[in-house]
Amino acid sequence: MTESFDALMARVRACRLCETHLPLGCRPVLQASPRARLLIVSQAPGRRVHETGIPFNDPSGDRLRDWLGIDKTLFYDAERIAIVPMGFCFPGTGKSGDLPPRPVCAPTWHPQLLPRLEQLRLTLAIGQYAQAGLLGNRRGRTLTDTVQAWRQHLQHGVLPLPHPSPRNRLWLARNPWFESELLPVLRARVADALRG
């Protein structure tokens with residue numbers, strides 16, 4: 001008998017695989033439903049998200065929702081939008097920002113979760129860790145190369161994006177094509193994926 005999706009999510013939320021490596025302890029933060037039409041894969045929750053237990057409940061989330069052209073009510077509707085990062089718990093802080101996602105999380109849980117999201121119409125790969133996990137050797141040499149090839153990846157249902165962190169202001173300033181070319185397509189594809 002196949003495990004129910006609710007039971008699987010309960011196991012994910014009870015995960016303690018990385019407990020000894022996490023400075024603030026385990027608190028898996030994600031949202032998903034088998035009926036979700038849009039999948040957002042990012043790197044890992046930041047400290048504020050860890051504290052609240054709400055995905056993208058920070059300035060990065062505000063910018064991401066603006067990019068997508070949707071409000072918080074829709075963004076947090078798990079029946080329509082799944083948020084399944086590469087690491088479900090806050091990994092801690094390093095010299096230049098948050099540490100990378102713990103390497104055991106995605107290989108353990110993604111193969112169990114992602115195949116159950118059978119209604120997906122679009123997947124967003126946000127940041128280099130998500131792009132490495134979802135695109136593998138199809139990604140470019142750099143994040144910029146990968147995002148610039150967004151048309152190619154979109155043919156396979158995956159749209160690579162930079163992380164919406166305020167730290168990426170310089171990247172956005174250096175790559176004006178992102179806002180002029182990619183964002184209008186992103187908003188249209190998101191609206192289409194969530195329609196109906």
# chains A, B, ... in the order shown; residues from 1 in each chain; ligands from 1

$ select_by_dssp --residues "chain A" --states "alpha helix (DSSP H)" --output "count of residues only"
76

$ residues_around --residues "range 88-98 of chain A" --least-positions-apart "5" --cutoff "9 Å" --atoms "only C-alpha atoms" --output "PDB file with N, CA, C and O atoms, in the first residue's frame"
ATOM      1  N   VAL A  12       8.606  13.968   6.640  1.00  0.00           N
ATOM      2  CA  VAL A  12       9.547  15.031   6.264  1.00  0.00           C
ATOM      3  C   VAL A  12       9.667  16.031   7.408  1.00  0.00           C
ATOM      4  O   VAL A  12      10.772  16.413   7.808  1.00  0.00           O
ATOM      5  N   ARG A  13       8.549  16.448   7.944  1.00  0.00           N
ATOM      6  CA  ARG A  13       8.568  17.472   9.004  1.00  0.00           C
ATOM      7  C   ARG A  13       9.171  16.958  10.308  1.00  0.00           C
ATOM      8  O   ARG A  13       9.602  17.755  11.141  1.00  0.00           O
ATOM      9  N   CYS A  18      19.966  15.756   9.866  1.00  0.00           N
ATOM     10  CA  CYS A  18      21.092  16.699   9.938  1.00  0.00           C
ATOM     11  C   CYS A  18      21.211  17.386  11.296  1.00  0.00           C
ATOM     12  O   CYS A  18      21.959  18.357  11.429  1.00  0.00           O
ATOM     13  N   HIS A  21      24.335  18.904  12.732  1.00  0.00           N
ATOM     14  CA  HIS A  21      25.037  19.896  11.909  1.00  0.00           C
ATOM     15  C   HIS A  21      24.322  21.247  11.850  1.00  0.00           C
ATOM     16  O   HIS A  21      24.838  22.174  11.217  1.00  0.00           O
ATOM     17  N   LEU A  22      23.163  21.355  12.466  1.00  0.00           N
ATOM     18  CA  LEU A  22      22.349  22.568  12.327  1.00  0.00           C
ATOM     19  C   LEU A  22      22.432  23.418  13.588  1.00  0.00           C
ATOM     20  O   LEU A  22      22.049  22.966  14.676  1.00  0.00           O
ATOM     21  N   PRO A  23      22.903  24.656  13.477  1.00  0.00           N
ATOM     22  CA  PRO A  23      23.108  25.489  14.664  1.00  0.00           C
ATOM     23  C   PRO A  23      21.825  25.811  15.423  1.00  0.00           C
ATOM     24  O   PRO A  23      21.862  25.998  16.649  1.00  0.00           O
ATOM     25  N   LEU A  24      20.686  25.875  14.732  1.00  0.00           N
ATOM     26  CA  LEU A  24      19.423  26.178  15.399  1.00  0.00           C
ATOM     27  C   LEU A  24      18.518  24.954  15.494  1.00  0.00           C
ATOM     28  O   LEU A  24      17.348  25.069  15.843  1.00  0.00           O
ATOM     29  N   GLY A  25      19.036  23.788  15.184  1.00  0.00           N
ATOM     30  CA  GLY A  25      18.245  22.568  15.240  1.00  0.00           C
ATOM     31  C   GLY A  25      17.407  22.370  13.989  1.00  0.00           C
ATOM     32  O   GLY A  25      17.442  23.159  13.046  1.00  0.00           O
ATOM     33  N   CYS A  26      16.660  21.301  13.999  1.00  0.00           N
ATOM     34  CA  CYS A  26      15.840  20.934  12.842  1.00  0.00           C
ATOM     35  C   CYS A  26      14.493  21.653  12.876  1.00  0.00           C
ATOM     36  O   CYS A  26      13.849  21.726  13.916  1.00  0.00           O
ATOM     37  N   ARG A  27      14.110  22.161  11.741  1.00  0.00           N
ATOM     38  CA  ARG A  27      12.767  22.689  11.526  1.00  0.00           C
ATOM     39  C   ARG A  27      12.525  22.700  10.014  1.00  0.00           C
ATOM     40  O   ARG A  27      12.670  23.736   9.361  1.00  0.00           O
ATOM     41  N   PRO A  28      12.183  21.545   9.458  1.00  0.00           N
ATOM     42  CA  PRO A  28      11.949  21.501   8.012  1.00  0.00           C
ATOM     43  C   PRO A  28      10.827  22.463   7.597  1.00  0.00           C
ATOM     44  O   PRO A  28       9.746  22.460   8.174  1.00  0.00           O
ATOM     45  N   VAL A  29      11.145  23.308   6.607  1.00  0.00           N
ATOM     46  CA  VAL A  29      10.189  24.302   6.126  1.00  0.00           C
ATOM     47  C   VAL A  29       9.944  24.046   4.636  1.00  0.00           C
ATOM     48  O   VAL A  29      10.858  24.173   3.823  1.00  0.00           O
ATOM     49  N   LEU A  30       8.709  23.671   4.312  1.00  0.00           N
ATOM     50  CA  LEU A  30       8.296  23.427   2.932  1.00  0.00           C
ATOM     51  C   LEU A  30       6.787  23.440   2.886  1.00  0.00           C
ATOM     52  O   LEU A  30       6.128  23.424   3.926  1.00  0.00           O
ATOM     53  N   GLN A  43      17.252  27.160  -2.369  1.00  0.00           N
ATOM     54  CA  GLN A  43      18.359  26.504  -1.678  1.00  0.00           C
ATOM     55  C   GLN A  43      17.954  25.993  -0.303  1.00  0.00           C
ATOM     56  O   GLN A  43      17.796  24.797  -0.127  1.00  0.00           O
ATOM     57  N   ALA A  44      17.770  26.838   0.673  1.00  0.00           N
ATOM     58  CA  ALA A  44      17.413  26.412   2.029  1.00  0.00           C
ATOM     59  C   ALA A  44      16.843  27.619   2.768  1.00  0.00           C
ATOM     60  O   ALA A  44      17.121  28.761   2.407  1.00  0.00           O
ATOM     61  N   PRO A  45      16.050  27.383   3.795  1.00  0.00           N
ATOM     62  CA  PRO A  45      15.490  28.506   4.551  1.00  0.00           C
ATOM     63  C   PRO A  45      16.576  29.345   5.216  1.00  0.00           C
ATOM     64  O   PRO A  45      17.596  28.818   5.646  1.00  0.00           O
ATOM     65  N   GLY A  46      16.333  30.644   5.296  1.00  0.00           N
ATOM     66  CA  GLY A  46      17.200  31.527   6.068  1.00  0.00           C
ATOM     67  C   GLY A  46      16.773  31.530   7.528  1.00  0.00           C
ATOM     68  O   GLY A  46      15.813  30.863   7.924  1.00  0.00           O
ATOM     69  N   ARG A  47      17.481  32.295   8.335  1.00  0.00           N
ATOM     70  CA  ARG A  47      17.203  32.343   9.772  1.00  0.00           C
ATOM     71  C   ARG A  47      15.769  32.794  10.070  1.00  0.00           C
ATOM     72  O   ARG A  47      15.081  32.199  10.896  1.00  0.00           O
ATOM     73  N   VAL A  49      13.104  32.644   8.170  1.00  0.00           N
ATOM     74  CA  VAL A  49      12.163  31.596   7.763  1.00  0.00           C
ATOM     75  C   VAL A  49      12.186  30.464   8.785  1.00  0.00           C
ATOM     76  O   VAL A  49      11.141  29.922   9.153  1.00  0.00           O
ATOM     77  N   HIS A  50      13.361  30.101   9.269  1.00  0.00           N
ATOM     78  CA  HIS A  50      13.465  29.079  10.317  1.00  0.00           C
ATOM     79  C   HIS A  50      12.654  29.486  11.552  1.00  0.00           C
ATOM     80  O   HIS A  50      11.930  28.672  12.128  1.00  0.00           O
ATOM     81  N   CYS A 105      19.706  16.217   2.416  1.00  0.00           N
ATOM     82  CA  CYS A 105      18.274  16.511   2.399  1.00  0.00           C
ATOM     83  C   CYS A 105      17.610  16.185   1.052  1.00  0.00           C
ATOM     84  O   CYS A 105      16.694  15.365   0.977  1.00  0.00           O
ATOM     85  N   ALA A 106      18.047  16.831  -0.010  1.00  0.00           N
ATOM     86  CA  ALA A 106      17.411  16.614  -1.320  1.00  0.00           C
ATOM     87  C   ALA A 106      17.505  15.160  -1.786  1.00  0.00           C
ATOM     88  O   ALA A 106      16.506  14.597  -2.229  1.00  0.00           O
ATOM     89  N   ARG A 167      20.874  40.633  -1.512  1.00  0.00           N
ATOM     90  CA  ARG A 167      22.316  40.580  -1.802  1.00  0.00           C
ATOM     91  C   ARG A 167      22.591  40.535  -3.303  1.00  0.00           C
ATOM     92  O   ARG A 167      23.715  40.774  -3.733  1.00  0.00           O
TER      93      ARG A 167
END

$ residues_around --residues "Gly140 in chain A" --least-positions-apart "5" --cutoff "12 Å" --atoms "only C-alpha atoms" --output "PDB file with C-alpha atoms, in the first residue's frame"
ATOM      1  CA  GLN A 128      22.812  27.651  -8.092  1.00  0.00           C
ATOM      2  CA  GLN A 131      19.898  24.491 -10.643  1.00  0.00           C
ATOM      3  CA  ALA A 132      22.612  21.933  -9.896  1.00  0.00           C
ATOM      4  CA  LEU A 135      19.420  20.563 -14.215  1.00  0.00           C
ATOM      5  CA  ASP A 145      25.071  31.265 -17.998  1.00  0.00           C
ATOM      6  CA  THR A 146      22.264  29.020 -16.735  1.00  0.00           C
ATOM      7  CA  VAL A 147      19.746  31.828 -16.333  1.00  0.00           C
ATOM      8  CA  GLN A 148      20.678  33.305 -19.723  1.00  0.00           C
ATOM      9  CA  ALA A 149      19.779  29.915 -21.260  1.00  0.00           C
ATOM     10  CA  TRP A 150      16.301  30.099 -19.708  1.00  0.00           C
ATOM     11  CA  GLN A 152      16.276  26.246 -23.541  1.00  0.00           C
ATOM     12  CA  HIS A 153      15.457  25.057 -20.005  1.00  0.00           C
ATOM     13  CA  PRO A 160      16.116  28.933 -13.801  1.00  0.00           C
TER      14      PRO A 160
END

$ atom_distance --atom1 "CA of Arg11 in chain A" --atom2 "CA of Ser42 in chain A"
20.6 Å

$ select_by_dssp --residues "range 6-191 of chain A" --states "strand (DSSP E)" --output "MDAnalysis selection string"
chainID A and resid 38:41 81:83 93:94 97:98 122:126 158:161

$ residues_around --residues "range 192-196 of chain A" --least-positions-apart "3" --cutoff "7 Å" --atoms "only C-alpha atoms" --output "number ranges by chain"
A: 37-38, 80, 121-122, 188-189

$ write_last_selection --atoms "N, CA, C and O atoms" --output "compact mmCIF listing (two decimals), in the first residue's frame"
# COMPACT_ATOMS: atom_id res chain seq x y z
N ARG A 37 0.45 23.04 -8.92
CA ARG A 37 0.73 23.21 -10.35
C ARG A 37 2.06 23.89 -10.61
O ARG A 37 2.60 23.82 -11.70
N LEU A 38 2.56 24.60 -9.60
CA LEU A 38 3.84 25.30 -9.70
C LEU A 38 4.75 24.78 -8.60
O LEU A 38 4.33 24.71 -7.44
N ARG A 80 -1.87 24.87 -4.78
CA ARG A 80 -1.49 25.39 -6.10
C ARG A 80 0.01 25.55 -6.27
O ARG A 80 0.53 25.40 -7.36
N ARG A 121 2.90 22.04 -13.73
CA ARG A 121 2.97 22.61 -15.08
C ARG A 121 4.25 23.41 -15.29
O ARG A 121 4.62 23.69 -16.42
N LEU A 122 4.89 23.82 -14.17
CA LEU A 122 6.10 24.64 -14.27
C LEU A 122 6.92 24.46 -13.00
O LEU A 122 6.36 24.38 -11.90
N ALA A 188 3.84 35.44 -17.11
CA ALA A 188 2.83 34.82 -17.99
C ALA A 188 2.77 33.32 -17.77
O ALA A 188 1.69 32.73 -17.71
N ARG A 189 3.94 32.67 -17.64
CA ARG A 189 3.96 31.22 -17.44
C ARG A 189 3.40 30.84 -16.07
O ARG A 189 2.72 29.81 -15.95

$ residues_around --residues "Pro162 in chain A" --least-positions-apart "5" --cutoff "9 Å" --atoms "only C-alpha atoms" --output "list in words"
Ala125, Ile126, Gly127, Gln128, Leu143, Thr144, Val147, Asn168, Trp171 and Leu172 of chain A

$ atom_distance --atom1 "CA of Gly133 in chain A" --atom2 "CA of Asp71 in chain A"
27.4 Å

$ atom_distance --atom1 "CA of Arg141 in chain A" --atom2 "CA of Trp177 in chain A"
18.8 Å

$ residues_around --residues "Phe5 in chain A" --least-positions-apart "5" --cutoff "8 Å" --atoms "only C-alpha atoms" --output "list in words"
Ser33, Pro34 and Arg116 of chain A
